[in-house]
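Heads up, start30.pdb below (PDB, C-alpha atoms):
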```pdb
ATOM      1  CA  MET S   1     185.717  26.548-149.128
ATOM      2  CA  THR S   2     187.432  23.164-148.920
ATOM      3  CA  TYR S   3     191.080  23.355-149.883
ATOM      4  CA  ILE S   4     192.761  20.575-151.825
ATOM      5  CA  SER S   5     194.802  18.184-149.685
ATOM      6  CA  ALA S   6     198.544  18.377-150.267
ATOM      7  CA  GLN S   7     201.706  16.946-148.755
ATOM      8  CA  PRO S   8     204.743  19.235-148.735
ATOM      9  CA  LEU S   9     207.498  18.005-151.027
ATOM     10  CA  PHE S  10     211.179  18.401-150.166
ATOM     11  CA  THR S  11     213.971  19.681-152.381
ATOM     12  CA  ASP S  12     217.383  21.293-152.007
ATOM     13  CA  GLN S  13     217.442  22.639-155.574
ATOM     14  CA  TRP S  14     216.226  26.074-156.663
ATOM     15  CA  ASP S  15     215.416  24.730-160.127
ATOM     16  CA  ASP S  16     212.551  22.653-158.710
ATOM     17  CA  ILE S  17     210.619  25.805-157.761
ATOM     18  CA  CYS S  18     212.071  28.364-160.200
ATOM     19  CA  TYR S  19     209.919  27.373-163.146
ATOM     20  CA  PRO S  20     208.179  29.913-165.420
ATOM     21  CA  VAL S  21     205.110  31.620-163.946
ATOM     22  CA  ASN S  22     203.128  34.369-165.646
ATOM     23  CA  PRO S  23     199.734  36.082-165.612
ATOM     24  CA  VAL S  24     197.164  35.227-168.267
ATOM     25  CA  TRP S  25     194.399  37.806-168.517
ATOM     26  CA  LEU S  26     190.807  36.633-168.686
ATOM     27  CA  SER S  27     190.042  39.468-171.100
ATOM     28  CA  ASP S  28     192.547  37.943-173.537
ATOM     29  CA  LEU S  29     191.080  34.465-173.150
ATOM     30  CA  LEU S  30     187.485  35.691-173.397
ATOM     31  CA  PRO S  31     187.581  38.753-175.681
ATOM     32  CA  ASP S  32     183.845  38.598-176.416
ATOM     33  CA  TYR S  33     182.856  38.765-172.738
ATOM     34  CA  ASP S  34     182.540  41.661-170.301
ATOM     35  CA  ILE S  35     184.187  40.561-167.049
ATOM     36  CA  THR S  36     182.473  42.318-164.145
ATOM     37  CA  ALA S  37     184.192  40.356-161.367
ATOM     38  CA  THR S  38     187.004  42.845-160.718
ATOM     39  CA  ASP S  39     188.553  40.576-158.088
ATOM     40  CA  ARG S  40     189.045  37.878-160.734
ATOM     41  CA  GLN S  41     190.969  39.327-163.664
ATOM     42  CA  GLN S  42     194.137  37.281-164.150
ATOM     43  CA  LEU S  43     195.079  33.630-164.040
ATOM     44  CA  VAL S  44     198.374  32.719-162.367
ATOM     45  CA  VAL S  45     199.836  30.088-164.682
ATOM     46  CA  GLY S  46     203.016  28.122-164.015
ATOM     47  CA  GLU S  47     204.907  25.342-165.749
ATOM     48  CA  PRO S  48     206.350  23.146-162.966
ATOM     49  CA  GLY S  49     208.864  20.602-164.174
ATOM     50  CA  GLY S  50     208.562  21.902-167.712
ATOM     51  CA  GLY S  51     205.370  19.901-168.092
ATOM     52  CA  ARG S  52     201.705  20.719-168.469
ATOM     53  CA  LYS S  53     200.704  24.278-167.606
ATOM     54  CA  THR S  54     199.045  24.648-164.202
ATOM     55  CA  ILE S  55     196.553  27.327-163.141
ATOM     56  CA  PHE S  56     197.405  28.054-159.507
ATOM     57  CA  GLY S  57     194.819  30.762-158.909
ATOM     58  CA  ILE S  58     192.639  33.560-160.252
ATOM     59  CA  GLN S  59     193.491  36.983-158.861
ATOM     60  CA  SER S  60     192.587  40.655-159.184
ATOM     61  CA  ALA S  61     194.217  42.953-161.720
ATOM     62  CA  ASN S  62     196.452  44.489-159.023
ATOM     63  CA  TYR S  63     197.745  41.160-157.719
ATOM     64  CA  THR S  64     201.516  40.899-158.104
ATOM     65  CA  ILE S  65     203.168  37.568-158.801
ATOM     66  CA  ILE S  66     206.508  37.223-156.989
ATOM     67  CA  PRO S  67     208.528  34.675-158.995
ATOM     68  CA  ASN S  68     210.837  32.429-157.001
ATOM     69  CA  THR S  69     213.568  33.265-159.515
ATOM     70  CA  VAL S  70     213.633  36.831-158.159
ATOM     71  CA  ILE S  71     214.023  35.542-154.590
ATOM     72  CA  ARG S  72     216.845  33.267-155.731
ATOM     73  CA  GLU S  73     218.720  36.166-157.348
ATOM     74  CA  VAL S  74     218.583  38.237-154.150
ATOM     75  CA  ILE S  75     219.719  35.324-151.963
ATOM     76  CA  ASP S  76     222.675  34.649-154.267
ATOM     77  CA  GLN S  77     223.602  38.344-154.229
ATOM     78  CA  LEU S  78     223.654  38.347-150.435
ATOM     79  CA  PHE S  79     225.250  34.992-149.649
ATOM     80  CA  GLY S  80     226.877  33.742-152.848
ATOM     81  CA  LYS S  81     227.381  30.009-152.388
ATOM     82  CA  ASN S  82     227.804  30.283-148.624
ATOM     83  CA  TYR S  83     224.477  28.729-147.664
ATOM     84  CA  LYS S  84     222.499  25.495-147.838
ATOM     85  CA  LEU S  85     219.008  25.330-149.241
ATOM     86  CA  GLU S  86     216.027  23.323-148.039
ATOM     87  CA  ILE S  87     212.583  23.893-149.495
ATOM     88  CA  LYS S  88     209.143  22.547-148.631
ATOM     89  CA  HIS S  89     206.689  23.111-151.473
ATOM     90  CA  THR S  90     203.324  21.841-152.643
ATOM     91  CA  THR S  91     201.807  20.983-156.001
ATOM     92  CA  THR S  92     199.263  23.729-155.301
ATOM     93  CA  GLY S  93     201.938  26.429-155.578
ATOM     94  CA  GLU S  94     203.084  27.183-152.015
ATOM     95  CA  PHE S  95     206.697  27.447-150.886
ATOM     96  CA  SER S  96     208.626  27.529-147.611
ATOM     97  CA  ILE S  97     212.271  28.325-148.364
ATOM     98  CA  SER S  98     214.947  27.819-145.691
ATOM     99  CA  ILE S  99     218.307  29.512-146.242
ATOM    100  CA  ILE S 100     220.651  27.710-143.846
ATOM    101  CA  LEU S 101     223.712  29.715-142.865
ATOM    102  CA  PRO S 102     227.035  28.263-141.654
ATOM    103  CA  GLU S 103     226.951  29.990-138.256
ATOM    104  CA  GLU S 104     226.054  27.638-135.401
ATOM    105  CA  LEU S 105     224.286  28.474-132.166
ATOM    106  CA  LEU S 106     224.320  26.315-129.051
ATOM    107  CA  VAL S 107     220.831  25.995-127.601
ATOM    108  CA  GLY S 108     221.021  23.947-124.442
ATOM    109  CA  GLN S 109     222.745  20.724-125.457
ATOM    110  CA  GLU S 110     222.043  20.998-129.190
ATOM    111  CA  LYS S 111     223.831  22.819-131.981
ATOM    112  CA  LEU S 112     221.456  24.613-134.324
ATOM    113  CA  GLN S 113     222.244  26.709-137.379
ATOM    114  CA  ARG S 114     221.051  30.211-138.075
ATOM    115  CA  SER S 115     218.692  30.462-141.003
ATOM    116  CA  LEU S 116     216.276  32.620-142.935
ATOM    117  CA  ILE S 117     212.792  31.310-143.696
ATOM    118  CA  LEU S 118     210.857  32.856-146.561
ATOM    119  CA  THR S 119     207.374  31.879-147.675
ATOM    120  CA  ASN S 120     205.771  32.545-151.038
ATOM    121  CA  SER S 121     202.867  31.238-153.083
ATOM    122  CA  TYR S 122     201.363  31.373-156.546
ATOM    123  CA  ASN S 123     197.854  30.480-155.360
ATOM    124  CA  GLY S 124     197.523  33.445-152.976
ATOM    125  CA  LYS S 125     196.975  31.196-149.937
ATOM    126  CA  THR S 126     200.331  31.870-148.262
ATOM    127  CA  PRO S 127     201.587  35.484-148.256
ATOM    128  CA  PHE S 128     205.178  36.351-148.991
ATOM    129  CA  SER S 129     206.944  36.618-145.639
ATOM    130  CA  ILE S 130     210.394  36.727-144.061
ATOM    131  CA  GLN S 131     210.905  35.016-140.707
ATOM    132  CA  GLY S 132     207.133  34.874-140.221
ATOM    133  CA  GLN S 133     206.601  38.602-140.848
ATOM    134  CA  THR S 134     204.728  39.769-143.932
ATOM    135  CA  PHE S 135     206.696  41.995-146.261
ATOM    136  CA  THR S 136     204.476  45.053-145.832
ATOM    137  CA  ALA S 137     204.560  44.742-142.031
ATOM    138  CA  MET S 138     208.353  44.643-142.075
ATOM    139  CA  LEU S 139     208.562  47.746-144.258
ATOM    140  CA  SER S 140     205.987  49.778-142.348
ATOM    141  CA  LEU S 141     207.530  49.296-138.899
ATOM    142  CA  ALA S 142     211.157  49.560-137.866
ATOM    143  CA  GLY S 143     210.795  46.737-135.373
ATOM    144  CA  THR S 144     213.082  44.085-133.955
ATOM    145  CA  PRO S 145     214.091  41.643-136.705
ATOM    146  CA  ALA S 146     212.892  38.109-136.147
ATOM    147  CA  SER S 147     215.131  35.064-136.355
ATOM    148  CA  SER S 148     214.909  31.426-137.300
ATOM    149  CA  LEU S 149     217.032  28.374-136.593
ATOM    150  CA  TYR S 150     217.562  25.086-138.387
ATOM    151  CA  ARG S 151     217.633  21.722-136.608
ATOM    152  CA  ASP S 152     219.318  19.095-138.736
ATOM    153  CA  ILE S 153     218.154  15.936-136.939
ATOM    154  CA  CYS S 154     214.602  16.425-138.145
ATOM    155  CA  LYS S 155     215.172  18.928-140.970
ATOM    156  CA  ASN S 156     213.104  21.482-139.073
ATOM    157  CA  GLY S 157     213.088  25.193-139.743
ATOM    158  CA  LEU S 158     212.142  26.833-136.437
ATOM    159  CA  MET S 159     210.586  30.283-136.568
ATOM    160  CA  GLY S 160     211.444  32.959-133.986
ATOM    161  CA  TRP S 161     207.908  33.401-132.684
ATOM    162  CA  ALA S 162     208.915  35.250-129.494
ATOM    163  CA  ASP S 163     211.440  37.664-131.003
ATOM    164  CA  SER S 164     209.023  40.525-131.699
ATOM    165  CA  PHE S 165     208.306  40.941-127.979
ATOM    166  CA  GLY S 166     211.737  42.395-127.298
ATOM    167  CA  GLY S 167     212.282  40.972-123.810
ATOM    168  CA  MET S 168     211.347  38.097-121.526
ATOM    169  CA  ASN S 169     209.207  40.189-119.162
ATOM    170  CA  ALA S 170     207.101  41.604-122.001
ATOM    171  CA  TYR S 171     206.625  38.134-123.454
ATOM    172  CA  ARG S 172     205.594  36.595-120.121
ATOM    173  CA  ASP S 173     203.157  39.438-119.478
ATOM    174  CA  TRP S 174     201.552  38.837-122.870
ATOM    175  CA  LEU S 175     201.301  35.076-122.317
ATOM    176  CA  PHE S 176     199.369  35.456-119.073
ATOM    177  CA  LYS S 177     197.091  38.365-119.940
ATOM    178  CA  PRO S 178     193.466  37.327-120.495
ATOM    179  CA  GLN S 179     192.963  39.351-123.679
ATOM    180  CA  THR S 180     192.935  37.603-127.030
ATOM    181  CA  LYS S 181     196.409  36.677-128.184
ATOM    182  CA  ASP S 182     196.182  38.331-131.605
ATOM    183  CA  LYS S 183     195.127  41.698-130.173
ATOM    184  CA  LYS S 184     197.742  41.734-127.441
ATOM    185  CA  ARG S 185     200.496  40.672-129.779
ATOM    186  CA  ARG S 186     199.731  43.540-132.109
ATOM    187  CA  ASP S 187     199.752  45.930-129.145
ATOM    188  CA  THR S 188     203.084  44.578-127.914
ATOM    189  CA  GLU S 189     204.718  44.727-131.308
ATOM    190  CA  MET S 190     203.649  48.346-131.733
ATOM    191  CA  LYS S 191     205.228  49.502-128.466
ATOM    192  CA  GLY S 192     208.509  51.287-128.874
ATOM    193  CA  GLN S 193     208.448  50.948-132.652
ATOM    194  CA  GLN S 194     208.783  54.103-134.718
ATOM    195  CA  LYS S 195     207.723  54.384-138.312
ATOM    196  CA  ASP S 196     210.642  54.737-140.641
ATOM    197  CA  SER S 197     209.864  57.550-143.079
ATOM    198  CA  GLN S 198     211.838  56.123-145.981
ATOM    199  CA  ASN S 199     210.274  52.687-145.597
ATOM    200  CA  SER S 200     206.830  54.281-145.358
ATOM    201  CA  ARG S 201     207.372  56.150-148.620
ATOM    202  CA  GLU S 202     208.457  52.951-150.349
ATOM    203  CA  LEU S 203     205.478  51.111-148.874
ATOM    204  CA  ARG S 204     203.087  53.676-150.337
ATOM    205  CA  LYS S 205     204.594  52.998-153.751
ATOM    206  CA  ILE S 206     203.755  49.336-153.325
ATOM    207  CA  HIS S 207     200.140  50.079-152.389
ATOM    208  CA  GLN S 208     199.593  52.631-155.152
ATOM    209  CA  SER S 209     200.854  50.573-158.067
ATOM    210  CA  LYS S 210     201.909  47.087-158.969
ATOM    211  CA  LEU S 211     205.072  45.951-157.270
ATOM    212  CA  THR S 212     207.668  45.774-160.020
ATOM    213  CA  PRO S 213     210.384  43.080-159.938
ATOM    214  CA  ALA S 214     213.095  45.753-159.647
ATOM    215  CA  LEU S 215     211.420  47.446-156.659
ATOM    216  CA  PHE S 216     210.757  44.110-155.001
ATOM    217  CA  GLN S 217     214.378  43.010-155.416
ATOM    218  CA  LYS S 218     215.639  46.214-153.818
ATOM    219  CA  GLN S 219     213.204  45.960-150.908
ATOM    220  CA  LEU S 220     213.960  42.278-150.387
ATOM    221  CA  TYR S 221     217.723  42.837-150.433
ATOM    222  CA  ASP S 222     217.434  45.592-147.815
ATOM    223  CA  ALA S 223     215.032  43.567-145.665
ATOM    224  CA  LEU S 224     217.191  40.432-145.668
ATOM    225  CA  SER S 225     220.326  42.436-144.896
ATOM    226  CA  ASN S 226     218.640  43.601-141.689
ATOM    227  CA  GLN S 227     217.589  40.090-140.686
ATOM    228  CA  ILE S 228     221.041  38.662-139.996
ATOM    229  CA  ARG S 229     221.305  38.709-136.203
ATOM    230  CA  PRO S 230     224.521  37.667-134.471
ATOM    231  CA  GLU S 231     223.118  37.964-130.953
ATOM    232  CA  GLN S 232     221.083  35.463-128.953
ATOM    233  CA  SER S 233     217.363  35.781-129.661
ATOM    234  CA  LEU S 234     214.509  35.627-127.171
ATOM    235  CA  THR S 235     213.105  32.581-128.949
ATOM    236  CA  ALA S 236     216.401  30.712-128.471
ATOM    237  CA  THR S 237     216.160  31.452-124.746
ATOM    238  CA  ILE S 238     212.650  29.955-124.725
ATOM    239  CA  TYR S 239     214.022  26.889-126.517
ATOM    240  CA  GLU S 240     216.441  26.400-123.630
ATOM    241  CA  ARG S 241     213.478  26.468-121.230
ATOM    242  CA  PHE S 242     211.777  23.848-123.390
ATOM    243  CA  GLN S 243     214.834  21.608-123.100
ATOM    244  CA  GLU S 244     214.866  21.941-119.317
ATOM    245  CA  LYS S 245     211.123  21.264-118.991
ATOM    246  CA  THR S 246     210.728  17.493-118.875
ATOM    247  CA  VAL S 247     207.314  15.874-118.926
ATOM    248  CA  ALA S 248     206.235  14.103-115.749
ATOM    249  CA  ARG S 249     203.941  11.077-115.823
ATOM    250  CA  ALA S 250     200.985  13.215-114.749
ATOM    251  CA  ASP S 251     201.574  15.492-117.755
ATOM    252  CA  GLU S 252     202.003  12.833-120.437
ATOM    253  CA  ASN S 253     198.946  14.049-122.366
ATOM    254  CA  VAL S 254     200.404  17.497-123.017
ATOM    255  CA  LEU S 255     200.731  16.750-126.738
ATOM    256  CA  LYS S 256     197.056  15.787-127.034
ATOM    257  CA  LYS S 257     196.036  19.149-125.572
ATOM    258  CA  LEU S 258     197.857  21.191-128.209
ATOM    259  CA  PRO S 259     195.777  23.069-130.844
ATOM    260  CA  ILE S 260     196.447  20.742-133.778
ATOM    261  CA  PRO S 261     194.257  18.226-135.653
ATOM    262  CA  VAL S 262     194.041  14.748-134.122
ATOM    263  CA  GLN S 263     195.755  13.042-137.052
ATOM    264  CA  LEU S 264     198.700  15.438-136.877
ATOM    265  CA  ALA S 265     198.938  14.842-133.127
ATOM    266  CA  LYS S 266     199.251  11.098-133.788
ATOM    267  CA  GLN S 267     202.056  11.679-136.277
ATOM    268  CA  ALA S 268     203.772  14.030-133.840
ATOM    269  CA  GLN S 269     203.565  11.316-131.170
ATOM    270  CA  GLU S 270     205.334   8.864-133.494
ATOM    271  CA  ARG S 271     208.030  11.414-134.270
ATOM    272  CA  LEU S 272     208.465  12.155-130.565
ATOM    273  CA  ARG S 273     209.104   8.500-129.734
ATOM    274  CA  LEU S 274     211.582   8.212-132.618
ATOM    275  CA  GLU S 275     213.633  11.193-131.424
ATOM    276  CA  GLU S 276     213.627   9.913-127.854
ATOM    277  CA  ARG S 277     215.232   6.700-129.121
ATOM    278  CA  LEU S 278     217.680   8.490-131.434
ATOM    279  CA  LEU S 279     218.835  10.927-128.751
ATOM    280  CA  GLY S 280     218.535   8.569-125.796
ATOM    281  CA  THR S 281     216.627  11.133-123.767
ATOM    282  CA  SER S 282     213.285  11.501-122.030
ATOM    283  CA  THR S 283     210.320  13.567-123.172
ATOM    284  CA  SER S 284     210.740  17.325-122.939
ATOM    285  CA  TYR S 285     208.841  20.329-124.224
ATOM    286  CA  TRP S 286     211.680  20.787-126.717
ATOM    287  CA  LEU S 287     211.139  17.351-128.246
ATOM    288  CA  ILE S 288     207.366  17.838-128.205
ATOM    289  CA  TYR S 289     207.595  21.160-130.035
ATOM    290  CA  ASN S 290     209.941  19.747-132.664
ATOM    291  CA  ALA S 291     207.762  16.661-133.130
ATOM    292  CA  VAL S 292     204.725  18.865-133.780
ATOM    293  CA  ASN S 293     206.731  21.081-136.142
ATOM    294  CA  HIS S 294     207.901  18.007-138.051
ATOM    295  CA  ALA S 295     204.354  16.658-138.361
ATOM    296  CA  LEU S 296     202.936  20.009-139.453
ATOM    297  CA  PHE S 297     205.357  20.424-142.333
ATOM    298  CA  ASN S 298     205.559  16.837-143.549
ATOM    299  CA  ALA S 299     202.018  15.487-143.314
ATOM    300  CA  ARG S 300     199.385  15.419-146.027
ATOM    301  CA  SER S 301     196.639  17.834-145.054
ATOM    302  CA  SER S 302     194.173  20.344-146.448
ATOM    303  CA  LEU S 303     196.018  22.975-144.389
ATOM    304  CA  THR S 304     197.865  25.586-146.423
ATOM    305  CA  LEU S 305     201.483  26.333-145.530
ATOM    306  CA  ASN S 306     200.245  29.565-143.976
ATOM    307  CA  ASP S 307     197.785  27.596-141.804
ATOM    308  CA  ARG S 308     200.590  25.260-140.729
ATOM    309  CA  TYR S 309     202.760  28.174-139.624
ATOM    310  CA  LYS S 310     199.856  29.678-137.678
ATOM    311  CA  LEU S 311     199.378  26.397-135.820
ATOM    312  CA  ASP S 312     203.121  26.146-135.208
ATOM    313  CA  GLU S 313     203.041  29.595-133.607
ATOM    314  CA  ARG S 314     200.049  28.714-131.418
ATOM    315  CA  VAL S 315     201.770  25.520-130.249
ATOM    316  CA  PHE S 316     204.942  27.453-129.411
ATOM    317  CA  HIS S 317     203.064  30.005-127.284
ATOM    318  CA  GLN S 318     200.991  27.348-125.514
ATOM    319  CA  LEU S 319     204.085  25.343-124.584
ATOM    320  CA  ALA S 320     205.819  28.537-123.468
ATOM    321  CA  THR S 321     202.850  29.364-121.224
ATOM    322  CA  GLN S 322     202.951  25.900-119.670
ATOM    323  CA  SER S 323     206.724  26.078-119.199
ATOM    324  CA  PHE S 324     206.294  29.200-117.036
ATOM    325  CA  ALA S 325     203.386  27.787-115.032
TER     326      ALA S 325
END
```
Please rewrite the model in this file as structure tokens.
Amino acid sequence: MTYISAQPLFTDQWDDICYPVNPVWLSDLLPDYDITATDRQQLVVGEPGGGRKTIFGIQSANYTIIPNTVIREVIDQLFGKNYKLEIKHTTTGEFSISIILPEELLVGQEKLQRSLILTNSYNGKTPFSIQGQTFTAMLSLAGTPASSLYRDICKNGLMGWADSFGGMNAYRDWLFKPQTKDKKRRDTEMKGQQKDSQNSRELRKIHQSKLTPALFQKQLYDALSNQIRPEQSLTATIYERFQEKTVARADENVLKKLPIPVQLAKQAQERLRLEERLLGTSTSYWLIYNAVNHALFNARSSLTLNDRYKLDERVFHQLATQSFA
């Protein structure tokens, strides 16, 4: 199915995404009809900007809408006013929310800020996630929390794609094994992780009944509390390798070989040249990765936000593989 083209919009205000959103049941709209499509029972209807009502999607009866207002309440409980907010969102009802914390981290020659990245959607195309991990996956496994960092020069939120591997040796082994990446990553993430009995019990509640706002708020508060990591992450160490890995003349086409659409590659190339001029530096894997990230989350495309994050992860791992070669 072709997905509508959308360009992520930018805002630093919760109010722009915390508009009313509610289910409207098809049985109420069509009382004289028997609805046999059990996977299509409720409309997800929002009122962005206080204007005309928008139908973002049609979902099953068990589908739970997670309002952005609930996320906002939990963030304010945890951090008060001690954070900055940057949001990428689309008119189709997808959201990437960056909570930028005051703590700075030196990565090579650049100062980045610690952050939390949450995704959500009203159209069902982008699952709710924290630092790139789906909510149910986080609750079912007591694994290593992921991280994210914020780079101010290009307004990039950088996901901690290597953090779940635990250590550099495990990550390198995974990069160079011939098995499919998805399978091996799942195997790696499972190693050494023990199921937490309390989390498992709470997870069963979520699967057995609709996720209530009160239960979600409690789970989200606990999950975010565990995400704040003061130590250096594995991904940050990979970023330092990216900064050290400059691109020789024979390797100038590295950007064209990355797994992204041609048009996005062209926009990334333009961004790369701009940052080289702004920073007065030569091409490196670090600048290439950030240029691709910038293009992915600013360009008009039929890609959902979830698709963009998947491509961002693939680009990160491919550049990491080449940096070790």
Range 308-317 of chain S surroundings by only C-alpha atoms, 8 Å radius, close-in-sequence under 6 positions cut, as an MDAnalysis selection string: chainID S and resid 161 175 258:260 289 292:293 296:297
Apply the PyMOL selection byres ((chain S and resi 270) around 12) to the structure shown and report the selected residues as an mmCIF file with C-alpha atoms, in the frame of the given file.
```cif
data_model
loop_
_atom_site.group_PDB
_atom_site.id
_atom_site.type_symbol
_atom_site.label_atom_id
_atom_site.label_comp_id
_atom_site.auth_asym_id
_atom_site.auth_seq_id
_atom_site.Cartn_x
_atom_site.Cartn_y
_atom_site.Cartn_z
ATOM 1 C CA LEU S 255 200.731 16.750 -126.738
ATOM 2 C CA GLN S 263 195.755 13.042 -137.052
ATOM 3 C CA LEU S 264 198.700 15.438 -136.877
ATOM 4 C CA ALA S 265 198.938 14.842 -133.127
ATOM 5 C CA LYS S 266 199.251 11.098 -133.788
ATOM 6 C CA GLN S 267 202.056 11.679 -136.277
ATOM 7 C CA ALA S 268 203.772 14.030 -133.840
ATOM 8 C CA GLN S 269 203.565 11.316 -131.170
ATOM 9 C CA ARG S 271 208.030 11.414 -134.270
ATOM 10 C CA LEU S 272 208.465 12.155 -130.565
ATOM 11 C CA ARG S 273 209.104 8.500 -129.734
ATOM 12 C CA LEU S 274 211.582 8.212 -132.618
ATOM 13 C CA GLU S 275 213.633 11.193 -131.424
ATOM 14 C CA GLU S 276 213.627 9.913 -127.854
ATOM 15 C CA ARG S 277 215.232 6.700 -129.121
ATOM 16 C CA LEU S 287 211.139 17.351 -128.246
ATOM 17 C CA ILE S 288 207.366 17.838 -128.205
ATOM 18 C CA ASN S 290 209.941 19.747 -132.664
ATOM 19 C CA ALA S 291 207.762 16.661 -133.130
ATOM 20 C CA VAL S 292 204.725 18.865 -133.780
ATOM 21 C CA HIS S 294 207.901 18.007 -138.051
ATOM 22 C CA ALA S 295 204.354 16.658 -138.361
#
```
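The coordinates place CA of Lys218 in chain S at 24.3 Å from CA of Gly46 in chain S.
Taking all atoms listed in the file into account, Tyr221 in chain S lies nearest to S:Phe79 out of the set S:Phe79, S:Tyr285, S:Phe95, S:Trp174.
The two atoms in question, CA of Thr283 in chain S and CA of Gln322 in chain S, are spaced 14.8 Å apart.
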Sphere at (197.7, 39.0, -153.2), radius 7 Å, counting only C-alpha atoms: residues as an MDAnalysis selection string: chainID S and resid 63:64 124
Shell of 12 Å around Ile117 in chain S, all atoms listed in the file, local chain residues under 6 positions omitted, as an MDAnalysis selection string: chainID S and resid 71 75 85:88 95:101 128:134 146:150 156:160 224 227:228 309
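Polymer residues near (220.2, 27.4, -152.1): counting all atoms listed in the file with a cut-off of 7 Å, they are Asp12, Gln13, Trp14, Tyr83, Lys84, Leu85 and Ile99 of chain S.
Once the PyMOL selection byres ((chain S and resi 241-249) around 8) is applied to the depicted file, the selected set reads S:Gly108, S:Thr237, S:Ile238, S:Tyr239, S:Glu240, S:Ala250, S:Asp251, S:Glu252, S:Ser282, S:Thr283, S:Ser284, S:Tyr285, S:Trp286, S:Leu287, S:Leu319, S:Ala320, S:Ser323.
What the PyMOL selection byres ((chain S and resi 18) around 8) grabs from this file is Trp14, Asp15, Asp16, Ile17, Tyr19, Pro20, Pro67, Asn68 and Thr69 of chain S.
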Nearest candidate to Asn298 in chain S (options S:Leu116, S:Leu105, S:Ala162, S:Cys154; using all atoms listed in the file): S:Cys154
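Put simply, CA of Leu26 in chain S is 12.3 Å away from CA of Ile55 in chain S.
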